[in-house]
$ cat structure16.cif   # mmCIF, C-alpha atoms
data_target
loop_
_atom_site.group_PDB
_atom_site.id
_atom_site.type_symbol
_atom_site.label_atom_id
_atom_site.label_comp_id
_atom_site.auth_asym_id
_atom_site.auth_seq_id
_atom_site.Cartn_x
_atom_site.Cartn_y
_atom_site.Cartn_z
ATOM 1 C CA MET A 918 -1.610 52.058 18.916
ATOM 2 C CA ARG A 919 -3.463 49.100 17.419
ATOM 3 C CA SER A 920 -1.753 49.742 14.092
ATOM 4 C CA ILE A 921 1.616 49.791 15.764
ATOM 5 C CA THR A 922 0.932 46.463 17.504
ATOM 6 C CA LYS A 923 -0.151 44.749 14.314
ATOM 7 C CA LEU A 924 2.769 46.131 12.463
ATOM 8 C CA SER A 925 5.039 44.804 15.162
ATOM 9 C CA LEU A 926 3.527 41.367 14.725
ATOM 10 C CA VAL A 927 4.071 41.541 11.007
ATOM 11 C CA VAL A 928 7.687 42.513 11.491
ATOM 12 C CA ALA A 929 8.177 39.776 14.067
ATOM 13 C CA ALA A 930 6.658 37.167 11.754
ATOM 14 C CA LEU A 931 8.808 38.279 8.882
ATOM 15 C CA VAL A 932 11.926 38.207 11.030
ATOM 16 C CA LEU A 933 11.123 34.698 12.214
ATOM 17 C CA THR A 934 10.362 33.571 8.690
ATOM 18 C CA GLY A 935 13.533 35.104 7.448
ATOM 19 C CA THR A 936 15.480 33.226 10.084
ATOM 20 C CA ALA A 937 13.914 29.952 9.002
ATOM 21 C CA LEU A 938 14.758 30.512 5.354
ATOM 22 C CA GLN A 939 18.355 31.220 6.177
ATOM 23 C CA ALA A 940 18.625 28.017 8.210
ATOM 24 C CA GLN A 941 17.145 25.689 5.575
ATOM 25 C CA THR A 942 20.515 24.674 4.197
ATOM 26 C CA ASN A 943 23.689 23.914 6.008
ATOM 27 C CA ASN A 944 26.910 22.211 5.059
ATOM 28 C CA ALA A 945 30.238 21.034 6.404
ATOM 29 C CA SER A 946 33.411 19.601 4.984
ATOM 30 C CA ILE A 947 35.828 16.853 5.893
ATOM 31 C CA THR A 948 39.206 16.028 4.422
ATOM 32 C CA ALA A 949 40.378 12.905 2.633
ATOM 33 C CA THR A 950 44.042 12.253 3.341
ATOM 34 C CA ALA A 951 46.620 9.786 2.089
ATOM 35 C CA SER A 952 50.341 9.384 2.464
ATOM 36 C CA VAL A 953 51.865 7.997 -0.715
ATOM 37 C CA GLN A 954 54.979 5.990 -0.163
ATOM 38 C CA THR A 955 58.114 5.936 -2.315
ATOM 39 C CA PRO A 956 57.553 4.603 -5.845
ATOM 40 C CA ILE A 957 59.520 1.596 -6.983
ATOM 41 C CA ASN A 958 62.472 2.170 -9.249
ATOM 42 C CA VAL A 959 64.290 -0.666 -11.039
ATOM 43 C CA VAL A 960 67.604 -0.351 -12.785
ATOM 44 C CA GLY A 961 69.235 -3.004 -14.951
ATOM 45 C CA ALA A 962 72.632 -2.599 -13.335
ATOM 46 C CA GLN A 963 74.675 -5.412 -14.851
ATOM 47 C CA GLN A 964 74.255 -7.602 -17.938
ATOM 48 C CA LEU A 965 74.158 -11.380 -17.794
ATOM 49 C CA SER A 966 77.364 -12.113 -19.632
ATOM 50 C CA PHE A 967 78.307 -15.561 -20.966
ATOM 51 C CA GLY A 968 81.475 -14.367 -22.607
ATOM 52 C CA ASN A 969 82.961 -16.686 -25.196
ATOM 53 C CA VAL A 970 80.878 -19.744 -25.912
ATOM 54 C CA PHE A 971 81.969 -22.700 -28.035
ATOM 55 C CA PRO A 972 79.674 -24.700 -30.314
ATOM 56 C CA GLY A 973 78.425 -27.848 -28.640
ATOM 57 C CA VAL A 974 79.557 -26.744 -25.175
ATOM 58 C CA ASN A 975 76.923 -25.571 -22.735
ATOM 59 C CA LYS A 976 77.888 -22.675 -20.545
ATOM 60 C CA THR A 977 76.327 -21.725 -17.232
ATOM 61 C CA ILE A 978 76.537 -18.453 -15.354
ATOM 62 C CA ALA A 979 75.366 -18.834 -11.774
ATOM 63 C CA ALA A 980 73.198 -16.198 -10.164
ATOM 64 C CA THR A 981 75.820 -16.102 -7.440
ATOM 65 C CA ASP A 982 78.446 -14.964 -9.941
ATOM 66 C CA LEU A 983 78.855 -11.326 -8.930
ATOM 67 C CA THR A 984 80.946 -10.587 -12.000
ATOM 68 C CA ASN A 985 78.939 -12.174 -14.817
ATOM 69 C CA GLY A 986 75.480 -12.664 -13.361
ATOM 70 C CA GLY A 987 72.799 -10.239 -14.427
ATOM 71 C CA ARG A 988 71.850 -7.756 -11.718
ATOM 72 C CA PHE A 989 68.874 -5.500 -11.106
ATOM 73 C CA ASP A 990 68.940 -2.778 -8.443
ATOM 74 C CA VAL A 991 65.605 -1.926 -6.853
ATOM 75 C CA THR A 992 64.652 1.028 -4.672
ATOM 76 C CA GLY A 993 61.357 1.840 -3.021
ATOM 77 C CA GLN A 994 59.623 2.184 0.315
ATOM 78 C CA ALA A 995 61.794 0.993 3.202
ATOM 79 C CA SER A 996 61.068 -2.416 4.714
ATOM 80 C CA THR A 997 58.224 -3.097 2.331
ATOM 81 C CA PRO A 998 57.534 -6.425 0.591
ATOM 82 C CA VAL A 999 57.445 -6.470 -3.188
ATOM 83 C CA THR A 1000 56.616 -9.009 -5.847
ATOM 84 C CA ILE A 1001 59.115 -9.585 -8.619
ATOM 85 C CA SER A 1002 58.433 -11.382 -11.872
ATOM 86 C CA PHE A 1003 60.359 -11.884 -15.076
ATOM 87 C CA THR A 1004 59.951 -12.060 -18.798
ATOM 88 C CA LEU A 1005 62.627 -14.507 -19.847
ATOM 89 C CA PRO A 1006 63.774 -15.253 -23.376
ATOM 90 C CA ALA A 1007 63.931 -18.863 -24.516
ATOM 91 C CA THR A 1008 66.656 -18.091 -27.019
ATOM 92 C CA LEU A 1009 69.334 -15.542 -27.734
ATOM 93 C CA GLY A 1010 69.525 -14.197 -31.243
ATOM 94 C CA SER A 1011 72.211 -13.124 -33.698
ATOM 95 C CA ALA A 1012 71.498 -12.118 -37.289
ATOM 96 C CA GLY A 1013 68.649 -14.561 -37.641
ATOM 97 C CA ASN A 1014 70.365 -17.356 -35.752
ATOM 98 C CA THR A 1015 69.182 -18.456 -32.325
ATOM 99 C CA MET A 1016 70.739 -20.179 -29.356
ATOM 100 C CA PRO A 1017 68.733 -21.675 -26.480
ATOM 101 C CA ILE A 1018 69.007 -20.110 -23.040
ATOM 102 C CA VAL A 1019 67.588 -22.219 -20.207
ATOM 103 C CA SER A 1020 67.751 -23.059 -16.520
ATOM 104 C CA TYR A 1021 67.400 -19.595 -15.119
ATOM 105 C CA THR A 1022 68.450 -19.075 -11.513
ATOM 106 C CA GLY A 1023 68.054 -16.107 -9.228
ATOM 107 C CA VAL A 1024 69.235 -14.629 -5.957
ATOM 108 C CA HIS A 1025 67.820 -11.646 -4.134
ATOM 109 C CA ALA A 1026 69.476 -9.895 -1.225
ATOM 110 C CA GLN A 1027 69.233 -6.762 0.841
ATOM 111 C CA ASN A 1028 72.846 -5.884 0.057
ATOM 112 C CA ASN A 1029 74.978 -5.824 -3.064
ATOM 113 C CA ALA A 1030 77.293 -8.585 -1.866
ATOM 114 C CA GLN A 1031 74.573 -11.263 -1.687
ATOM 115 C CA THR A 1032 75.255 -11.711 2.023
ATOM 116 C CA GLY A 1033 72.273 -13.541 3.447
ATOM 117 C CA GLY A 1034 70.791 -13.725 -0.041
ATOM 118 C CA THR A 1035 67.913 -15.986 -1.014
ATOM 119 C CA ALA A 1036 67.910 -18.231 -4.065
ATOM 120 C CA PHE A 1037 64.759 -18.342 -6.132
ATOM 121 C CA SER A 1038 63.468 -19.383 -9.520
ATOM 122 C CA PRO A 1039 63.019 -16.442 -11.895
ATOM 123 C CA VAL A 1040 60.372 -18.480 -13.709
ATOM 124 C CA ALA A 1041 58.285 -18.549 -10.531
ATOM 125 C CA GLY A 1042 59.225 -15.078 -9.297
ATOM 126 C CA ALA A 1043 59.663 -14.075 -5.664
ATOM 127 C CA THR A 1044 58.359 -11.829 -2.904
ATOM 128 C CA PRO A 1045 61.390 -10.289 -1.183
ATOM 129 C CA THR A 1046 61.370 -7.275 1.128
ATOM 130 C CA LEU A 1047 63.205 -4.038 0.562
ATOM 131 C CA ASN A 1048 65.808 -3.299 3.214
ATOM 132 C CA ALA A 1049 65.584 -0.594 5.844
ATOM 133 C CA SER A 1050 66.871 1.915 3.320
ATOM 134 C CA GLY A 1051 64.405 0.793 0.666
ATOM 135 C CA ALA A 1052 66.922 -1.106 -1.459
ATOM 136 C CA LEU A 1053 67.024 -4.612 -2.942
ATOM 137 C CA TRP A 1054 69.413 -6.381 -5.301
ATOM 138 C CA VAL A 1055 68.457 -9.217 -7.630
ATOM 139 C CA TRP A 1056 70.817 -11.413 -9.645
ATOM 140 C CA VAL A 1057 69.988 -13.709 -12.518
ATOM 141 C CA GLY A 1058 71.939 -16.606 -13.973
ATOM 142 C CA ALA A 1059 71.199 -19.056 -16.785
ATOM 143 C CA GLN A 1060 72.687 -21.603 -19.176
ATOM 144 C CA VAL A 1061 73.183 -21.224 -22.925
ATOM 145 C CA GLN A 1062 73.213 -24.323 -25.106
ATOM 146 C CA PRO A 1063 75.019 -23.675 -28.382
ATOM 147 C CA ALA A 1064 74.591 -26.321 -31.026
ATOM 148 C CA THR A 1065 77.607 -28.059 -32.434
ATOM 149 C CA ASN A 1066 77.094 -26.101 -35.632
ATOM 150 C CA GLN A 1067 76.118 -22.876 -33.895
ATOM 151 C CA ALA A 1068 76.867 -19.931 -36.167
ATOM 152 C CA ALA A 1069 79.507 -17.641 -34.806
ATOM 153 C CA GLY A 1070 78.443 -14.181 -33.683
ATOM 154 C CA VAL A 1071 77.278 -12.045 -30.793
ATOM 155 C CA TYR A 1072 73.990 -13.354 -29.376
ATOM 156 C CA THR A 1073 71.713 -11.219 -27.255
ATOM 157 C CA GLY A 1074 68.339 -11.392 -25.574
ATOM 158 C CA SER A 1075 66.367 -9.240 -23.153
ATOM 159 C CA ILE A 1076 65.497 -10.213 -19.612
ATOM 160 C CA THR A 1077 62.847 -7.999 -18.073
ATOM 161 C CA MET A 1078 62.120 -7.856 -14.372
ATOM 162 C CA THR A 1079 58.909 -6.274 -13.081
ATOM 163 C CA VAL A 1080 58.570 -5.194 -9.465
ATOM 164 C CA VAL A 1081 55.303 -4.208 -7.788
ATOM 165 C CA TYR A 1082 54.235 -3.618 -4.218
ATOM 166 C CA MET B 592 -5.540 48.335 7.844
ATOM 167 C CA LYS B 593 -6.840 45.648 5.541
ATOM 168 C CA ARG B 594 -3.546 45.483 3.733
ATOM 169 C CA GLU B 595 -1.764 45.013 7.047
ATOM 170 C CA SER B 596 -3.985 42.047 7.829
ATOM 171 C CA TRP B 597 -3.109 40.330 4.588
ATOM 172 C CA VAL B 598 0.551 40.922 5.231
ATOM 173 C CA LEU B 599 0.192 39.483 8.692
ATOM 174 C CA ILE B 600 -1.598 36.389 7.446
ATOM 175 C CA GLY B 601 1.013 35.870 4.766
ATOM 176 C CA ALA B 602 3.822 36.235 7.229
ATOM 177 C CA MET B 603 2.230 33.749 9.593
ATOM 178 C CA LEU B 604 1.657 31.238 6.836
ATOM 179 C CA LEU B 605 5.281 31.514 5.928
ATOM 180 C CA GLY B 606 6.058 31.035 9.563
ATOM 181 C CA VAL B 607 4.288 27.645 9.711
ATOM 182 C CA PRO B 608 7.176 25.718 8.178
ATOM 183 C CA LEU B 609 9.456 27.260 10.751
ATOM 184 C CA LEU B 610 7.402 25.858 13.583
ATOM 185 C CA ALA B 611 7.280 22.434 11.974
ATOM 186 C CA GLN B 612 11.009 22.366 11.435
ATOM 187 C CA GLY B 613 11.769 22.610 15.099
ATOM 188 C CA LYS B 614 15.435 23.140 15.872
ATOM 189 C CA PRO B 615 17.937 24.717 13.506
ATOM 190 C CA LEU B 616 19.898 22.614 11.040
ATOM 191 C CA LEU B 617 23.491 21.939 11.966
ATOM 192 C CA VAL B 618 26.000 19.855 9.984
ATOM 193 C CA THR B 619 29.348 18.981 11.534
ATOM 194 C CA GLY B 620 32.343 17.290 9.922
ATOM 195 C CA VAL B 621 33.395 14.818 12.585
ATOM 196 C CA ARG B 622 36.092 12.736 10.921
ATOM 197 C CA GLY B 623 37.925 12.750 7.599
ATOM 198 C CA VAL B 624 38.475 9.827 5.239
ATOM 199 C CA THR B 625 41.906 8.472 6.120
ATOM 200 C CA PHE B 626 43.733 6.276 3.632
ATOM 201 C CA GLY B 627 46.953 6.180 5.634
ATOM 202 C CA ALA B 628 50.054 4.828 3.921
ATOM 203 C CA VAL B 629 49.401 4.176 0.244
ATOM 204 C CA LEU B 630 51.782 2.316 -2.053
ATOM 205 C CA PRO B 631 52.189 3.465 -5.648
ATOM 206 C CA GLY B 632 50.141 1.298 -7.979
ATOM 207 C CA VAL B 633 48.127 -0.266 -5.180
ATOM 208 C CA PRO B 634 44.528 1.010 -4.755
ATOM 209 C CA ARG B 635 43.480 1.667 -1.177
ATOM 210 C CA VAL B 636 39.849 1.217 -0.204
ATOM 211 C CA VAL B 637 38.252 2.746 2.866
ATOM 212 C CA LEU B 638 34.798 1.351 3.589
ATOM 213 C CA ARG B 639 32.043 3.548 5.005
ATOM 214 C CA THR B 640 31.754 0.979 7.780
ATOM 215 C CA ASP B 641 35.386 1.410 8.804
ATOM 216 C CA PRO B 642 35.132 2.932 12.279
ATOM 217 C CA ALA B 643 38.625 4.377 12.228
ATOM 218 C CA ASN B 644 39.119 5.556 8.651
ATOM 219 C CA SER B 645 35.718 6.359 7.164
ATOM 220 C CA GLY B 646 34.535 9.943 7.019
ATOM 221 C CA GLN B 647 31.703 11.046 9.262
ATOM 222 C CA PHE B 648 29.261 13.948 9.381
ATOM 223 C CA ASP B 649 26.845 14.487 12.230
ATOM 224 C CA ILE B 650 23.618 16.343 11.538
ATOM 225 C CA LYS B 651 21.153 17.887 13.916
ATOM 226 C CA GLY B 652 17.969 18.807 12.153
ATOM 227 C CA PRO B 653 14.232 18.511 11.809
ATOM 228 C CA LYS B 654 12.426 15.892 13.837
ATOM 229 C CA GLY B 655 10.955 13.415 11.421
ATOM 230 C CA GLY B 656 11.483 15.722 8.495
ATOM 231 C CA PRO B 657 12.684 14.823 5.004
ATOM 232 C CA VAL B 658 15.975 16.403 3.992
ATOM 233 C CA LEU B 659 18.144 16.305 0.913
ATOM 234 C CA LEU B 660 21.749 15.187 1.248
ATOM 235 C CA SER B 661 24.121 16.230 -1.508
ATOM 236 C CA PHE B 662 27.886 15.980 -1.713
ATOM 237 C CA VAL B 663 30.583 17.889 -3.471
ATOM 238 C CA LEU B 664 33.169 15.190 -4.094
ATOM 239 C CA PRO B 665 36.751 15.617 -5.243
ATOM 240 C CA LEU B 666 37.982 13.724 -8.297
ATOM 241 C CA THR B 667 41.551 13.890 -7.098
ATOM 242 C CA MET B 668 43.587 14.539 -4.005
ATOM 243 C CA THR B 669 46.372 17.056 -4.235
ATOM 244 C CA GLY B 670 49.872 16.232 -3.095
ATOM 245 C CA PRO B 671 53.391 17.633 -3.189
ATOM 246 C CA ALA B 672 54.103 20.180 -5.915
ATOM 247 C CA GLY B 673 50.530 19.896 -7.129
ATOM 248 C CA ALA B 674 50.717 16.164 -7.850
ATOM 249 C CA LEU B 675 47.261 14.619 -8.191
ATOM 250 C CA MET B 676 45.966 11.236 -7.131
ATOM 251 C CA PRO B 677 42.533 9.978 -8.231
ATOM 252 C CA ILE B 678 39.920 9.361 -5.555
ATOM 253 C CA VAL B 679 36.818 7.403 -6.524
ATOM 254 C CA PHE B 680 33.430 7.200 -4.838
ATOM 255 C CA GLY B 681 31.258 4.194 -5.568
ATOM 256 C CA ALA B 682 27.509 3.736 -5.651
ATOM 257 C CA SER B 683 27.393 2.601 -2.033
ATOM 258 C CA ASP B 684 30.203 4.624 -0.538
ATOM 259 C CA ALA B 685 27.934 6.741 1.644
ATOM 260 C CA GLY B 686 25.764 5.553 4.499
ATOM 261 C CA PHE B 687 22.933 7.177 6.460
ATOM 262 C CA SER B 688 22.417 6.222 10.071
ATOM 263 C CA ALA B 689 19.284 7.337 11.878
ATOM 264 C CA THR B 690 20.837 6.091 15.101
ATOM 265 C CA GLN B 691 24.264 7.623 14.515
ATOM 266 C CA ALA B 692 25.738 4.107 14.778
ATOM 267 C CA ILE B 693 28.329 3.154 12.182
ATOM 268 C CA GLY B 694 27.095 -0.418 12.387
ATOM 269 C CA SER B 695 23.579 0.582 11.399
ATOM 270 C CA GLN B 696 23.709 2.339 8.054
ATOM 271 C CA VAL B 697 21.648 2.459 4.900
ATOM 272 C CA GLY B 698 23.983 2.821 1.968
ATOM 273 C CA PHE B 699 23.445 5.347 -0.772
ATOM 274 C CA ASP B 700 25.273 6.832 -3.724
ATOM 275 C CA PRO B 701 27.159 9.956 -2.669
ATOM 276 C CA ARG B 702 27.354 11.001 -6.317
ATOM 277 C CA GLN B 703 23.591 11.545 -6.404
ATOM 278 C CA PRO B 704 21.465 13.807 -4.190
ATOM 279 C CA THR B 705 19.563 11.608 -1.782
ATOM 280 C CA THR B 706 16.462 12.250 0.305
ATOM 281 C CA VAL B 707 16.298 10.815 3.811
ATOM 282 C CA VAL B 708 13.883 11.120 6.692
ATOM 283 C CA PHE B 709 15.163 12.198 10.048
ATOM 284 C CA PRO B 710 14.232 10.319 13.228
ATOM 285 C CA ASN B 711 12.181 11.934 15.929
ATOM 286 C CA ASN B 712 15.205 13.121 17.853
ATOM 287 C CA GLY B 713 16.540 14.869 14.749
ATOM 288 C CA ASN B 714 20.071 13.488 15.144
ATOM 289 C CA VAL B 715 21.661 11.470 12.338
ATOM 290 C CA SER B 716 25.088 10.633 10.958
ATOM 291 C CA VAL B 717 26.382 10.196 7.438
ATOM 292 C CA PHE B 718 29.429 8.031 6.806
ATOM 293 C CA VAL B 719 31.652 8.125 3.740
ATOM 294 C CA GLY B 720 34.101 5.693 2.173
ATOM 295 C CA ALA B 721 36.212 6.000 -0.957
ATOM 296 C CA THR B 722 39.031 4.476 -2.985
ATOM 297 C CA ALA B 723 42.381 6.090 -3.618
ATOM 298 C CA ASN B 724 43.993 5.049 -6.889
ATOM 299 C CA PRO B 725 47.694 5.915 -6.868
ATOM 300 C CA GLY B 726 49.604 5.471 -10.096
ATOM 301 C CA THR B 727 52.619 3.184 -10.243
ATOM 302 C CA ASN B 728 54.835 6.254 -10.352
ATOM 303 C CA GLN B 729 52.750 8.328 -7.939
ATOM 304 C CA ARG B 730 54.863 10.993 -6.331
ATOM 305 C CA ALA B 731 55.523 10.284 -2.664
ATOM 306 C CA GLY B 732 54.062 12.575 -0.053
ATOM 307 C CA ALA B 733 50.894 13.695 1.687
ATOM 308 C CA TYR B 734 47.715 14.119 -0.376
ATOM 309 C CA THR B 735 44.463 15.776 0.637
ATOM 310 C CA GLY B 736 41.024 16.458 -0.813
ATOM 311 C CA THR B 737 37.861 18.090 0.494
ATOM 312 C CA ILE B 738 34.482 16.385 0.790
ATOM 313 C CA THR B 739 31.534 18.682 1.421
ATOM 314 C CA LEU B 740 28.071 17.587 2.521
ATOM 315 C CA THR B 741 25.171 19.977 2.047
ATOM 316 C CA VAL B 742 21.898 19.284 3.858
ATOM 317 C CA THR B 743 18.680 20.978 2.762
ATOM 318 C CA TYR B 744 15.219 20.957 4.271
ATOM 319 C CA LEU B 745 12.549 19.808 1.873
#

$ encode --input "structure16.cif" --output "structure tokens"
Amino acid sequence: MRSITKLSLVVAALVLTGTALQAQTNNASITATASVQTPINVVGAQQLSFGNVFPGVNKTIAATDLTNGGRFDVTGQASTPVTISFTLPATLGSAGNTMPIVSYTGVHAQNNAQTGGTAFSPVAGATPTLNASGALWVWVGAQVQPATNQAAGVYTGSITMTVVY
Amino acid sequence: MKRESWVLIGAMLLGVPLLAQGKPLLVTGVRGVTFGAVLPGVPRVVLRTDPANSGQFDIKGPKGGPVLLSFVLPLTMTGPAGALMPIVFGASDAGFSATQAIGSQVGFDPRQPTTVVFPNNGNVSVFVGATANPGTNQRAGAYTGTITLTVTYL
């Protein structure tokens, strides 16, 4: 009987000890969540086109010129402000010859007709807001200044617009 | 008979830590880390002191006892079609509160196991912050990751 009692105590102690060892570590998890919005997409939709230019005669294309003004189409998260900035060439080039391009102008609007558009300086950039569908249109104008002895040819340069949230 | 005595003594000695530990250890995930709307290319930081968006674990454990806190942290969150977005934990992105108050934390590095001492009531909270780093072309959609806290008696 005494042996049985002691053995019971041993078993009880071991059971209790075993319980403690099992409970020495515990863990739980939580979740990190994020909802990523629509990435920005920019398309160079229309070239800034000066057409025929004559030596010694400056030519200006206004940003409001829907036919010849340069245009970028932007899409992204609806109703979200963005920052736009430009890399603007100081000259256009043709076979080693250059022609100054100056006086950049810009317009941004939430529609492709410039209705309610806002003028801005491409040199300074702007912070427009995408429309309710996540779209934005940006136009660029400038002036070329051919010299009186400007070599004939097709002159080109690249205008780059960067858009970030 | 003699052998039984030794076994009994051994079992009781092993039982001493159990008595000192008091109540059982319980870890509960109370709240996840919520970044909310994230714009591509724009990092989003959630501070461990953010009462609405920080993660929170509540722990019930040993009264006045030292315990080891260790995390399993994700490197990325997974989004639509398996897209991944980096999530970063800084050196002070976890906080231990012996009063379970978010305004009264001691910061620590969740990337390293950390030893803390429990208060006499055995109830503490651990808060977690993090930074989500979406790429400029990050695919839109919902992203999730799992943060696990393991608590061990010392």

$ residues_around --input "structure16.cif" --residues "Ala1030 of chain A" --least-positions-apart "5" --cutoff "10 Å" --atoms "all atoms listed in the file" --output "PyMOL selection string"
chain A and resi 981+983+1054

$ residues_around --input "structure16.cif" --residues "Thr992 of chain A" --least-positions-apart "2" --cutoff "9 Å" --atoms "only C-alpha atoms" --output "ChimeraX atom specification"
/A:955-960,990,994-995,1047,1050-1054

$ resolve_selection --input "structure16.cif" --expression "the PyMOL selection byres ((chain B) within 7 of (chain A))" --output "ChimeraX atom specification"
/B:598-599,602-603,605-606,609,615-620,622-631,727-744

$ atom_distance --input "structure16.cif" --atom1 "atom CA of Asn1048 of chain A" --atom2 "atom CA of Ala980 of chain A"
20.0 Å

$ axis_aligned_box --input "structure16.cif" --around "segment 641-659 of chain B" --padding-each-side "3 Å" --output "lines of an AutoDock Vina configuration file"
center_x = 25.0
center_y = 10.1
center_z = 7.4
size_x = 34.2
size_y = 23.4
size_z = 19.0

$ atom_distance --input "structure16.cif" --atom1 "atom CA of Pro642 of chain B" --atom2 "atom CA of Phe699 of chain B"
17.7 Å

$ resolve_selection --input "structure16.cif" --expression "the PyMOL selection byres ((chain B and resi 715) around 10)" --output "list of chain:residue names"
B:Val618, B:Phe648, B:Asp649, B:Ile650, B:Lys651, B:Gly652, B:Phe687, B:Ser688, B:Ala689, B:Thr690, B:Gln691, B:Ala692, B:Val708, B:Phe709, B:Pro710, B:Asn712, B:Gly713, B:Asn714, B:Ser716, B:Val717

$ residues_around --input "structure16.cif" --residues "Ile678 of chain B" --least-positions-apart "5" --cutoff "9 Å" --atoms "all atoms listed in the file" --output "ChimeraX atom specification"
/A:949 /B:665-668,721-725,736

$ closest_residue --input "structure16.cif" --among "A:Val999, A:Thr1035, A:Tyr1072, A:Leu965" --to "Val633 of chain B" --atoms "only C-alpha atoms"
A:Val999

$ closest_residue --input "structure16.cif" --among "A:Ala1064, A:Val974, A:Val1024, A:Ala1049" --to "Ile1001 of chain A" --atoms "all atoms listed in the file"
A:Val1024

$ resolve_selection --input "structure16.cif" --expression "the PyMOL selection byres ((chain A and resi 1018) around 6)" --output "ChimeraX atom specification"
/A:1007-1008,1017,1019,1060-1061

$ atom_distance --input "structure16.cif" --atom1 "atom CA of Gly686 of chain B" --atom2 "atom CA of Arg639 of chain B"
6.6 Å

$ closest_residue --input "structure16.cif" --among "B:Pro634, B:Pro677, B:Gly646, B:Gly656" --to "Asn711 of chain B" --atoms "all atoms listed in the file"
B:Gly656

$ closest_residue --input "structure16.cif" --among "A:Asn1014, A:Thr1032, A:Gln963, A:Asn1066" --to "Arg988 of chain A" --atoms "all atoms listed in the file"
A:Gln963
